[in-house]
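coords_11.cif (mmCIF, C-alpha atoms)
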```
data_upload
#
loop_
_atom_site.label_atom_id
_atom_site.label_comp_id
_atom_site.auth_asym_id
_atom_site.auth_seq_id
_atom_site.Cartn_x
_atom_site.Cartn_y
_atom_site.Cartn_z
CA ILE A 21 24.60 31.29 -35.51
CA THR A 22 27.75 29.31 -36.40
CA ALA A 23 30.42 29.82 -39.03
CA SER A 24 33.13 27.42 -40.23
CA VAL A 25 35.77 27.31 -42.97
CA ILE A 26 35.49 24.49 -45.49
CA ALA A 27 38.83 22.62 -45.41
CA GLU A 28 41.46 23.58 -48.02
CA THR A 29 39.26 26.34 -49.50
CA ASN A 30 38.60 30.00 -48.97
CA LEU A 31 34.89 29.29 -48.46
CA LEU A 32 33.11 30.22 -45.25
CA GLU A 33 29.85 28.47 -44.36
CA MET A 34 27.37 30.05 -42.00
CA ARG A 35 24.51 28.16 -40.35
CA VAL A 36 21.56 29.55 -38.47
CA SER A 37 19.32 27.41 -36.22
CA ALA A 38 16.05 28.74 -34.79
CA ALA A 39 12.72 27.58 -33.42
CA SER A 40 10.90 28.08 -36.75
CA PRO A 41 11.84 28.21 -40.46
CA ARG A 42 10.73 31.85 -40.72
CA GLU A 43 12.86 32.89 -37.76
CA ALA A 44 15.94 31.10 -39.17
CA TYR A 45 15.48 32.82 -42.52
CA LEU A 46 15.03 36.30 -41.01
CA ILE A 47 18.13 35.93 -38.85
CA THR A 48 20.17 34.87 -41.89
CA GLU A 49 18.92 37.84 -43.88
CA ALA A 50 19.79 40.18 -41.01
CA VAL A 51 23.38 38.85 -40.91
CA LEU A 52 23.83 39.20 -44.66
CA ASN A 53 22.47 42.74 -44.63
CA ASN A 54 24.87 43.89 -41.91
CA TYR A 55 28.01 41.82 -42.34
CA GLU A 56 29.79 44.29 -44.63
CA GLU A 57 29.72 47.08 -42.03
CA LEU A 58 30.97 44.83 -39.28
CA ALA A 59 33.51 42.90 -41.36
CA GLY A 60 34.99 46.10 -42.75
CA LYS A 61 36.16 47.18 -39.29
CA ILE A 62 37.70 43.83 -38.44
CA LEU A 63 38.76 42.42 -41.80
CA SER A 64 39.60 45.54 -43.79
CA ASN A 65 41.61 43.71 -46.44
CA VAL A 66 39.18 40.83 -47.00
CA SER A 67 36.23 40.87 -49.37
CA LEU A 68 33.37 38.41 -48.93
CA ASP A 69 31.06 37.41 -51.73
CA ILE A 70 27.81 35.53 -51.27
CA LEU A 71 27.84 32.36 -53.35
CA GLN A 72 24.51 30.94 -52.19
CA TYR A 73 21.65 32.96 -50.86
CA PRO A 74 19.52 31.56 -48.05
CA THR A 75 16.13 29.96 -48.58
CA VAL A 76 13.33 29.11 -46.20
CA PRO A 77 14.05 25.60 -44.83
CA THR A 78 11.43 22.95 -45.51
CA GLY A 79 12.23 20.70 -42.52
CA PRO A 80 14.35 20.47 -39.39
CA VAL A 81 17.93 19.41 -40.00
CA ASN A 82 18.23 17.58 -36.65
CA SER A 83 14.90 15.67 -36.59
CA ALA A 84 16.51 12.23 -36.65
CA ASN A 85 18.83 13.06 -33.76
CA THR A 86 15.96 14.57 -31.80
CA ARG A 87 13.84 11.43 -32.07
CA HIS A 88 16.83 9.30 -31.21
CA ASN A 89 17.66 11.43 -28.21
CA VAL A 90 14.06 11.38 -27.02
CA LYS A 91 13.95 7.59 -27.25
CA GLN A 92 17.23 7.27 -25.41
CA ALA A 93 16.06 9.67 -22.72
CA ALA A 94 12.80 7.75 -22.30
CA LEU A 95 14.61 4.41 -21.98
CA LEU A 96 17.09 5.84 -19.50
CA ALA A 97 14.29 7.40 -17.46
CA ALA A 98 12.36 4.10 -17.40
CA ALA A 99 15.47 2.17 -16.37
CA ALA A 100 16.22 4.72 -13.67
CA ALA A 101 12.66 4.50 -12.36
CA VAL A 102 12.79 0.69 -12.22
CA ALA A 103 16.17 0.82 -10.49
CA LEU A 104 14.86 3.35 -7.98
CA ILE A 105 11.81 1.22 -7.21
CA CYS A 106 14.01 -1.87 -6.73
CA VAL A 107 16.35 0.02 -4.42
CA MET A 108 13.50 1.50 -2.39
CA THR A 109 11.80 -1.88 -2.10
CA THR A 110 15.02 -3.51 -0.97
CA LEU A 111 15.85 -0.81 1.54
CA ARG A 112 12.34 -0.61 3.04
CA ASP A 113 12.41 -2.11 6.49
CA THR A 114 9.32 -4.25 5.98
CA ILE A 115 8.70 -7.92 6.72
CA LYS A 116 9.66 -9.75 3.54
CA THR A 117 10.36 -13.30 4.77
CA PRO A 118 9.31 -15.51 7.68
CA GLU A 119 12.82 -15.07 9.07
CA ASP A 120 12.17 -11.31 9.28
CA VAL A 121 9.32 -11.96 11.69
CA GLU A 122 11.66 -13.69 14.13
CA SER A 123 14.52 -11.21 13.71
CA LYS A 124 12.69 -7.87 13.40
CA LEU A 125 9.47 -8.26 15.39
CA ASP A 126 9.03 -8.55 19.14
CA THR A 127 6.83 -11.63 18.89
CA GLN A 128 6.89 -15.20 17.65
CA LEU A 129 5.84 -16.49 14.25
CA LEU A 130 2.78 -18.73 14.40
CA VAL A 131 2.51 -19.68 10.69
CA SER A 132 3.36 -18.35 7.24
CA ILE A 133 0.35 -18.39 4.93
CA HIS A 134 1.43 -18.58 1.32
CA HIS A 135 -0.38 -16.70 -1.42
CA GLU A 136 -3.61 -18.37 -2.50
CA LYS A 137 -5.28 -17.43 -5.79
CA LYS A 138 -8.92 -16.40 -5.50
CA HIS A 139 -9.74 -17.29 -9.10
CA LYS A 140 -8.69 -20.81 -10.06
CA THR A 141 -10.02 -20.74 -13.62
CA LEU A 142 -10.17 -18.23 -16.46
CA ARG A 143 -13.97 -18.31 -16.38
CA SER A 144 -13.95 -17.41 -12.71
CA ALA A 145 -11.58 -14.50 -13.34
CA LEU A 146 -13.61 -13.16 -16.26
CA SER A 147 -16.88 -13.36 -14.34
CA ARG A 148 -15.43 -10.96 -11.74
CA LYS A 149 -17.49 -12.67 -9.08
CA ARG A 150 -16.22 -11.94 -5.61
CA GLU A 151 -14.83 -15.16 -4.16
CA SER A 152 -13.51 -15.59 -0.64
CA ILE A 153 -10.74 -17.96 0.32
CA LEU A 154 -12.31 -20.40 2.77
CA ILE A 155 -11.12 -23.83 3.81
CA THR A 156 -14.66 -25.16 3.23
CA ASN A 157 -14.35 -24.36 -0.46
CA PRO A 158 -13.23 -27.51 -2.34
CA THR A 159 -11.12 -25.41 -4.72
CA THR A 160 -8.97 -23.99 -1.92
CA GLY A 161 -5.43 -25.31 -2.12
CA PHE A 162 -4.28 -28.21 0.05
CA ALA A 163 -1.30 -26.25 1.39
CA TYR A 164 -3.53 -23.38 2.46
CA VAL A 165 -5.92 -25.68 4.31
CA GLU A 166 -3.03 -27.39 6.08
CA THR A 167 -1.53 -24.04 7.11
CA ILE A 168 -4.82 -22.99 8.72
CA ARG A 169 -4.98 -26.34 10.48
CA LYS A 170 -1.45 -25.81 11.73
CA LEU A 171 -2.43 -22.35 12.99
CA ARG A 172 -5.46 -23.79 14.79
CA THR A 173 -3.30 -26.41 16.51
CA ARG A 174 -0.83 -23.84 17.80
CA VAL A 175 -3.52 -21.38 18.86
CA SER A 176 -5.45 -24.13 20.64
CA TYR A 177 -2.35 -25.15 22.58
CA LEU A 178 -1.55 -21.57 23.63
CA MET A 179 -5.16 -20.80 24.53
CA ASN A 180 -5.51 -23.96 26.64
CA ARG A 181 -2.20 -23.36 28.38
CA GLY A 182 -3.18 -19.81 29.33
CA GLY A 183 -6.81 -20.59 30.08
CA TYR A 184 -7.95 -18.07 27.46
CA LYS A 185 -11.37 -18.05 25.83
CA THR A 186 -11.66 -14.86 23.77
CA LEU A 187 -9.23 -14.28 20.91
CA MET A 188 -8.97 -11.06 18.93
CA ILE A 189 -7.42 -11.01 15.48
CA THR A 190 -6.17 -7.67 14.22
CA SER A 191 -3.62 -6.08 11.89
CA VAL A 192 -1.68 -2.85 11.67
CA ALA A 193 -3.06 -1.61 8.34
CA GLU A 194 -6.00 -2.34 6.08
CA ASN A 195 -6.07 -5.14 3.49
CA GLU A 196 -3.67 -7.42 5.35
CA GLY A 197 -6.12 -10.34 5.38
CA LYS A 198 -7.11 -10.42 9.06
CA SER A 199 -10.81 -11.08 8.36
CA THR A 200 -10.02 -14.04 6.10
CA VAL A 201 -7.66 -15.46 8.71
CA ALA A 202 -10.30 -15.00 11.43
CA ALA A 203 -13.00 -16.70 9.32
CA ASN A 204 -10.84 -19.69 8.43
CA LEU A 205 -9.52 -20.13 11.96
CA ALA A 206 -13.11 -20.18 13.24
CA LEU A 207 -14.07 -22.74 10.59
CA SER A 208 -11.09 -24.90 11.50
CA PHE A 209 -12.02 -24.88 15.19
CA ALA A 210 -15.61 -25.77 14.25
CA ARG A 211 -14.38 -28.69 12.15
CA LYS A 212 -12.53 -29.93 15.20
CA GLY A 213 -15.83 -30.08 17.06
CA LYS A 214 -15.39 -26.89 19.10
CA ARG A 215 -18.32 -24.56 19.67
CA VAL A 216 -17.10 -21.33 18.11
CA LEU A 217 -18.57 -17.83 18.05
CA LEU A 218 -17.12 -15.49 15.44
CA ILE A 219 -17.97 -11.81 16.01
CA ASP A 220 -17.33 -9.04 13.50
CA THR A 221 -16.24 -6.21 15.81
CA ASP A 222 -14.84 -4.22 12.88
CA MET A 223 -17.71 -1.75 13.05
CA ARG A 224 -15.98 0.66 10.70
CA LYS A 225 -15.78 -1.67 7.68
CA PRO A 226 -17.50 -5.01 8.39
CA ALA A 227 -16.26 -7.75 6.07
CA LEU A 228 -17.26 -11.14 7.44
CA HIS A 229 -20.77 -11.03 5.95
CA LYS A 230 -19.14 -10.69 2.52
CA ILE A 231 -16.64 -13.46 3.19
CA PHE A 232 -19.47 -15.86 4.12
CA ASP A 233 -21.66 -14.51 1.27
CA LEU A 234 -24.48 -13.42 3.57
CA GLN A 235 -25.10 -9.96 2.11
CA ASP A 236 -28.69 -10.81 1.18
CA LYS A 237 -29.61 -12.60 4.39
CA LYS A 238 -31.70 -10.78 6.99
CA TYR A 239 -30.23 -10.56 10.46
CA ALA A 240 -29.69 -8.09 13.27
CA THR A 241 -26.19 -6.63 13.24
CA VAL A 242 -23.63 -6.34 16.02
CA ILE A 243 -24.20 -2.58 16.09
CA GLU A 244 -27.94 -3.06 16.66
CA LEU A 245 -27.21 -5.60 19.36
CA LEU A 246 -24.83 -3.29 21.23
CA ARG A 247 -27.25 -0.37 20.96
CA GLY A 248 -30.06 -2.45 22.46
CA LYS A 249 -32.15 -2.37 19.28
CA ALA A 250 -32.03 -6.15 18.83
CA ASN A 251 -31.64 -9.24 20.99
CA MET A 252 -29.24 -12.14 20.69
CA ASP A 253 -31.77 -14.46 19.03
CA GLU A 254 -32.27 -11.97 16.21
CA ALA A 255 -28.55 -11.48 15.62
CA LEU A 256 -27.07 -14.94 16.15
CA MET A 257 -26.66 -17.13 13.07
CA ARG A 258 -25.28 -20.61 12.59
CA ASN A 259 -22.96 -21.68 9.82
CA SER A 260 -23.58 -24.87 7.85
CA THR A 261 -21.08 -26.62 10.14
CA LYS A 262 -23.58 -26.05 13.02
CA GLN A 263 -20.66 -25.68 15.40
CA LEU A 264 -19.87 -22.16 14.17
CA MET A 265 -22.07 -19.26 15.26
CA LEU A 266 -21.84 -15.79 13.78
CA LEU A 267 -22.53 -12.23 14.94
CA LEU A 268 -22.02 -10.05 11.88
CA GLY A 269 -22.19 -6.47 10.73
CA ARG A 270 -23.45 -4.92 7.54
CA ARG A 271 -22.74 -1.19 7.43
CA GLY A 272 -20.11 0.77 9.27
CA THR A 273 -20.62 3.53 11.81
CA GLU A 274 -18.58 6.57 12.77
CA ARG A 275 -19.22 5.89 16.47
CA SER A 276 -17.52 2.49 16.43
CA THR A 277 -15.00 3.39 19.15
CA GLU A 278 -17.80 4.30 21.53
CA LEU A 279 -19.44 0.90 20.95
CA ALA A 280 -16.18 -1.06 21.12
CA GLY A 281 -15.24 0.49 24.45
CA GLY A 282 -18.74 0.55 25.90
CA ALA A 283 -20.13 -1.50 28.75
CA ASN A 284 -22.45 -3.44 26.43
CA MET A 285 -19.49 -4.95 24.55
CA LYS A 286 -17.96 -6.29 27.75
CA LEU A 287 -21.34 -7.55 28.97
CA MET A 288 -22.00 -9.30 25.65
CA LEU A 289 -18.63 -11.12 25.74
CA GLU A 290 -19.21 -12.24 29.30
CA GLN A 291 -22.56 -13.72 28.32
CA VAL A 292 -21.51 -15.53 25.15
CA GLN A 293 -18.39 -17.07 26.71
CA LYS A 294 -20.62 -19.30 28.82
CA ALA A 295 -22.23 -20.92 25.77
CA VAL A 296 -19.20 -21.61 23.56
CA ASP A 297 -15.67 -23.01 23.73
CA ILE A 298 -13.94 -20.08 22.03
CA VAL A 299 -14.89 -16.56 20.91
CA ILE A 300 -12.99 -15.09 17.96
CA LEU A 301 -13.18 -11.32 17.43
CA ASP A 302 -12.39 -9.79 14.04
CA THR A 303 -11.23 -6.30 15.03
CA PRO A 304 -10.39 -3.20 12.96
CA PRO A 305 -6.79 -2.40 11.97
CA MET A 306 -4.90 -0.70 14.76
CA THR A 307 -3.88 2.36 12.74
CA VAL A 308 -7.41 3.40 11.69
CA GLY A 309 -8.63 4.14 15.21
CA SER A 310 -8.60 3.02 18.82
CA ASP A 311 -11.28 0.34 18.42
CA ALA A 312 -8.74 -2.48 18.56
CA GLU A 313 -7.22 -1.07 21.75
CA CYS A 314 -10.67 -0.98 23.38
CA ILE A 315 -11.29 -4.61 22.47
CA ALA A 316 -7.79 -5.61 23.60
CA ALA A 317 -8.72 -4.31 27.06
CA ILE A 318 -11.44 -6.98 27.41
CA ALA A 319 -10.09 -9.86 25.27
CA ASP A 320 -7.94 -12.67 26.65
CA ALA A 321 -5.52 -13.14 23.76
CA ALA A 322 -4.54 -11.48 20.48
CA ILE A 323 -3.01 -12.43 17.13
CA LEU A 324 -1.46 -9.87 14.79
CA VAL A 325 -1.77 -10.54 11.04
CA THR A 326 0.90 -8.88 8.92
CA ARG A 327 1.02 -9.08 5.15
CA GLN A 328 4.30 -9.51 3.31
CA ASP A 329 6.20 -6.29 2.51
CA ILE A 330 3.43 -3.85 3.51
CA VAL A 331 4.10 -2.20 6.89
CA PRO A 332 7.55 -1.20 8.24
CA ALA A 333 8.80 -3.33 11.12
CA ARG A 334 9.12 -0.29 13.36
CA ILE A 335 5.39 0.46 13.13
CA ILE A 336 4.47 -3.20 13.69
CA ASN A 337 6.58 -3.27 16.85
CA ASP A 338 4.90 -0.08 18.05
CA MET A 339 1.51 -1.74 17.67
CA LEU A 340 2.79 -4.87 19.43
CA ASP A 341 3.84 -2.67 22.34
CA VAL A 342 0.31 -1.25 22.46
CA LEU A 343 -1.16 -4.74 22.54
CA GLY A 344 1.41 -5.83 25.10
CA SER A 345 0.33 -3.07 27.47
CA SER A 346 -3.31 -4.21 27.32
CA ARG A 347 -5.09 -7.11 28.98
CA ALA A 348 -4.84 -9.34 25.92
CA LYS A 349 -1.90 -11.74 25.72
CA VAL A 350 -0.17 -11.54 22.31
CA LEU A 351 0.12 -15.13 21.09
CA GLY A 352 2.17 -14.27 18.01
CA CYS A 353 2.12 -13.14 14.41
CA VAL A 354 0.61 -14.64 11.26
CA PHE A 355 2.77 -13.85 8.22
CA ASN A 356 0.15 -13.57 5.50
CA ASP A 357 0.12 -13.69 1.69
CA CYS A 358 3.72 -14.84 1.43
CA ARG A 359 4.62 -15.11 -2.26
CA SER A 360 8.15 -16.49 -1.93
CA THR A 361 8.58 -20.24 -2.19
CA ASP A 362 9.78 -21.73 1.05
CA LEU A 363 11.07 -25.18 0.22
CA ASP A 364 12.11 -25.83 3.80
CA GLU A 365 8.56 -25.77 5.13
CA HIS A 366 6.95 -29.18 4.89
CA PHE A 367 4.06 -30.96 6.48
CA ASN A 368 5.08 -34.05 8.41
CA TYR A 369 2.70 -36.98 8.17
CA GLY A 370 3.96 -39.46 10.72
CA SER A 371 5.85 -42.30 9.11
CA SER A 372 4.50 -41.53 5.67
CA GLY A 373 7.23 -39.00 4.94
CA LYS A 374 7.21 -35.32 4.19
CA TYR A 375 5.03 -33.67 1.61
CA GLY A 376 6.26 -30.18 0.70
CA TYR A 377 4.92 -27.54 -1.60
CA GLY A 378 7.00 -28.80 -4.50
CA ARG A 379 4.50 -31.54 -5.41
CA GLN A 380 0.78 -31.25 -6.00
CA TYR A 381 -1.76 -33.50 -4.35
CA GLY A 382 -5.25 -32.75 -5.63
CA TYR A 383 -8.58 -34.04 -4.46
CA GLY A 384 -8.88 -37.56 -5.77
CA GLY A 385 -5.24 -37.66 -6.87
CA GLY A 386 -4.83 -40.94 -5.04
CA LYS A 387 -6.66 -43.25 -2.67
CA TYR A 388 -6.52 -42.05 0.90
CA GLY A 389 -8.55 -43.14 3.89
CA SER A 390 -11.20 -40.93 5.40
CA TYR A 391 -8.68 -39.60 7.92
CA HIS A 392 -5.06 -38.51 7.96
CA LYS A 393 -3.04 -38.44 11.13
CA HIS A 394 -0.35 -35.85 11.41
CA SER A 395 1.86 -34.59 14.18
CA SER A 396 1.79 -30.95 15.25
CA SER A 397 4.58 -28.83 16.65
CA THR A 398 3.17 -29.27 20.14
CA GLY A 399 3.59 -33.01 20.06
CA THR A 400 -0.14 -33.74 20.01
CA THR A 401 -1.88 -35.90 17.43
CA GLU A 402 -5.19 -35.02 15.87
CA GLU A 403 -7.55 -36.46 13.28
CA ASP A 404 -9.35 -34.39 10.71
CA PRO A 405 -11.50 -35.39 7.76
CA VAL A 406 -9.97 -34.81 4.34
#
```
Transcribe the structure of this file into structure tokens.
Amino acid sequence: ITASVIAETNLLEMRVSAASPREAYLITEAVLNNYEELAGKILSNVSLDILQYPTVPTGPVNSANTRHNVKQAALLAAAAAVALICVMTTLRDTIKTPEDVESKLDTQLLVSIHHEKKHKTLRSALSRKRESILITNPTTGFAYVETIRKLRTRVSYLMNRGGYKTLMITSVAENEGKSTVAANLALSFARKGKRVLLIDTDMRKPALHKIFDLQDKKYATVIELLRGKANMDEALMRNSTKQLMLLLGRRGTERSTELAGGANMKLMLEQVQKAVDIVILDTPPMTVGSDAECIAAIADAAILVTRQDIVPARIINDMLDVLGSSRAKVLGCVFNDCRSTDLDEHFNYGSSGKYGYGRQYGYGGGKYGSYHKHSSSTGTTEEDPV
């Protein structure tokens, strides 16, 4: 209830605001019915006459302001939420750039794998068909293929220098791309002419059979092999490259840690090492269980895959300490799914100059010989078909 004097008059205006028209009207009537008794005690020499009697209001008098205020509040809340997200993202101590790997992590950077789109065309995206990023796929980007080749060169050098034969590839959390990295690294070694065995030791959530599109193929799984329910001939498969052999899973098991740390796992690795040049193990993430630690106790070397801006650096370093205390030698870190453009990273092709990411070189975009020679960081020269 408010009252105000109209300027330069002897008129007094009273206003009543309430939650409903009926309530506002009843309050006004109550004031008018009782004002004489109250005013007589305070204003004994003043007489008040009612010039306009109240009526039931037909609409809110502040509706426009209310809508305006609601809109302003919504915009301010949205802006505050965006600002808060930006601040939290900036302040999170995650690995955002390749430089962060060198400065924040207790290991070396092997390569930075830039983001690669799974669906290259609108038709592919609309079909919702699951597509894996493999270097054998002709639609996979040139830069991605070269990065995997660069990773293979560095891993090969480190493995040869240390005399290692079994390599485990793991991550700290799920969905960091370790299985895709493991599959492409195995394919790259096979292209080089190495006899490679890729084993899916992620017995919680096997993924390699989906990456290679072998869901409908019949084969004995790694779990059956370790439990003695199948032999090696029933489980071992060869990729189209012939140099790559696969031991895959299909469904997960709750007793994966028991199998990963069992005697049959160690015996199997000792047997297969004699028939191949390198064994690559796709292991579960380190934070979902102790499977990766069990495998690290029997593997020769390890690579940690970390995705951009996912896991805090402190947790990654904790997992690196766990790997460092095991038998496996940590070769370094793969910085995966990097979405920032790094114009300083180029691929050096001998005397031909440098070809960075800033220009596109498609298949058939020019006439090239059947081989390209390029120098690696280790000073060795290799030839690969393009």
Which value, in Å to one decimal, gives the distance between atom CA of Tyr184 of chain A and atom CA of Asp320 of chain A? 5.5 Å
Could you jot down the atom CA of Ile62 of chain A to atom CA of Glu28 of chain A separation for me, Å, one decimal place?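 We find that atom CA of Ile62 of chain A and atom CA of Glu28 of chain A lie 22.7 Å from each other.
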When you look at segment 68-81 of chain A with a cut-off of 12 Å (counting all atoms listed in the file), what residues show up, excluding the ones that are within fewer than 4 positions of it in the same chain? I need them as a PyMOL selection string. chain A and resi 30-53+55-60+63-64+85-87
Taking all atoms listed in the file into account, which of A:Ala94, A:Ile300, A:Val201, A:Ala103 comes nearest Cys353 of chain A?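 Once distances to Cys353 of chain A are computed over all atoms listed in the file, the minimum belongs to A:Val201.
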Could you check how far atom CA of Ser24 of chain A sits from atom CA of Asn54 of chain A, in Å to one decimal?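 Answer for the atom CA of Ser24 of chain A to atom CA of Asn54 of chain A separation: 18.5 Å.
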Quick one: contact table of segment 247-328 of chain A to segment 339-351 of chain A, 6 Å max, nearest atom pair and distance in Å to one decimal per residue, counting all atoms listed in the file, chain and number order, as CSV?
```
residue,atom,partner,partner_atom,distance
A:Ala316,CA,A:Ala348,CA,5.3
A:Ala317,CA,A:Arg347,CA,5.0
A:Ala319,CA,A:Ala348,CA,5.3
A:Asp320,CA,A:Ala348,CA,4.6
A:Ala321,CA,A:Lys349,CA,4.3
A:Ala322,CA,A:Val350,CA,4.7
A:Ile323,CA,A:Leu351,CA,5.7
```
Near segment 220-237 of chain A, counting all atoms listed in the file, which residues have an atom at most 9 Å away, once you skip same-chain residues fewer than 5 positions from it, shown as a PyMOL selection string? chain A and resi 150-154+199-200+202-203+242-243+259+266-277+279-280+300-305+311-312+315
Include C-alpha atoms and write out the residues we just selected as a PDB file, in the frame of the given file.
```pdb
ATOM      1  CA  ARG A 150     -16.220 -11.940  -5.610  1.00  0.00           C
ATOM      2  CA  GLU A 151     -14.830 -15.160  -4.160  1.00  0.00           C
ATOM      3  CA  SER A 152     -13.510 -15.590  -0.640  1.00  0.00           C
ATOM      4  CA  ILE A 153     -10.740 -17.960   0.320  1.00  0.00           C
ATOM      5  CA  LEU A 154     -12.310 -20.400   2.770  1.00  0.00           C
ATOM      6  CA  SER A 199     -10.810 -11.080   8.360  1.00  0.00           C
ATOM      7  CA  THR A 200     -10.020 -14.040   6.100  1.00  0.00           C
ATOM      8  CA  ALA A 202     -10.300 -15.000  11.430  1.00  0.00           C
ATOM      9  CA  ALA A 203     -13.000 -16.700   9.320  1.00  0.00           C
ATOM     10  CA  VAL A 242     -23.630  -6.340  16.020  1.00  0.00           C
ATOM     11  CA  ILE A 243     -24.200  -2.580  16.090  1.00  0.00           C
ATOM     12  CA  ASN A 259     -22.960 -21.680   9.820  1.00  0.00           C
ATOM     13  CA  LEU A 266     -21.840 -15.790  13.780  1.00  0.00           C
ATOM     14  CA  LEU A 267     -22.530 -12.230  14.940  1.00  0.00           C
ATOM     15  CA  LEU A 268     -22.020 -10.050  11.880  1.00  0.00           C
ATOM     16  CA  GLY A 269     -22.190  -6.470  10.730  1.00  0.00           C
ATOM     17  CA  ARG A 270     -23.450  -4.920   7.540  1.00  0.00           C
ATOM     18  CA  ARG A 271     -22.740  -1.190   7.430  1.00  0.00           C
ATOM     19  CA  GLY A 272     -20.110   0.770   9.270  1.00  0.00           C
ATOM     20  CA  THR A 273     -20.620   3.530  11.810  1.00  0.00           C
ATOM     21  CA  GLU A 274     -18.580   6.570  12.770  1.00  0.00           C
ATOM     22  CA  ARG A 275     -19.220   5.890  16.470  1.00  0.00           C
ATOM     23  CA  SER A 276     -17.520   2.490  16.430  1.00  0.00           C
ATOM     24  CA  THR A 277     -15.000   3.390  19.150  1.00  0.00           C
ATOM     25  CA  LEU A 279     -19.440   0.900  20.950  1.00  0.00           C
ATOM     26  CA  ALA A 280     -16.180  -1.060  21.120  1.00  0.00           C
ATOM     27  CA  ILE A 300     -12.990 -15.090  17.960  1.00  0.00           C
ATOM     28  CA  LEU A 301     -13.180 -11.320  17.430  1.00  0.00           C
ATOM     29  CA  ASP A 302     -12.390  -9.790  14.040  1.00  0.00           C
ATOM     30  CA  THR A 303     -11.230  -6.300  15.030  1.00  0.00           C
ATOM     31  CA  PRO A 304     -10.390  -3.200  12.960  1.00  0.00           C
ATOM     32  CA  PRO A 305      -6.790  -2.400  11.970  1.00  0.00           C
ATOM     33  CA  ASP A 311     -11.280   0.340  18.420  1.00  0.00           C
ATOM     34  CA  ALA A 312      -8.740  -2.480  18.560  1.00  0.00           C
ATOM     35  CA  ILE A 315     -11.290  -4.610  22.470  1.00  0.00           C
TER      36      ILE A 315
END
```
Using all atoms listed in the file for the distances, tell me which of A:Arg359, A:Lys214, A:Lys185, A:Lys262 is nearest to Leu289 of chain A.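 Counting all atoms listed in the file, the residue closest to Leu289 of chain A is A:Lys185.
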Of the candidates A:Pro158, A:Ala250, A:Gly213, A:Ala255, which one gets nearest to Lys238 of chain A if we count all atoms listed in the file? A:Ala255
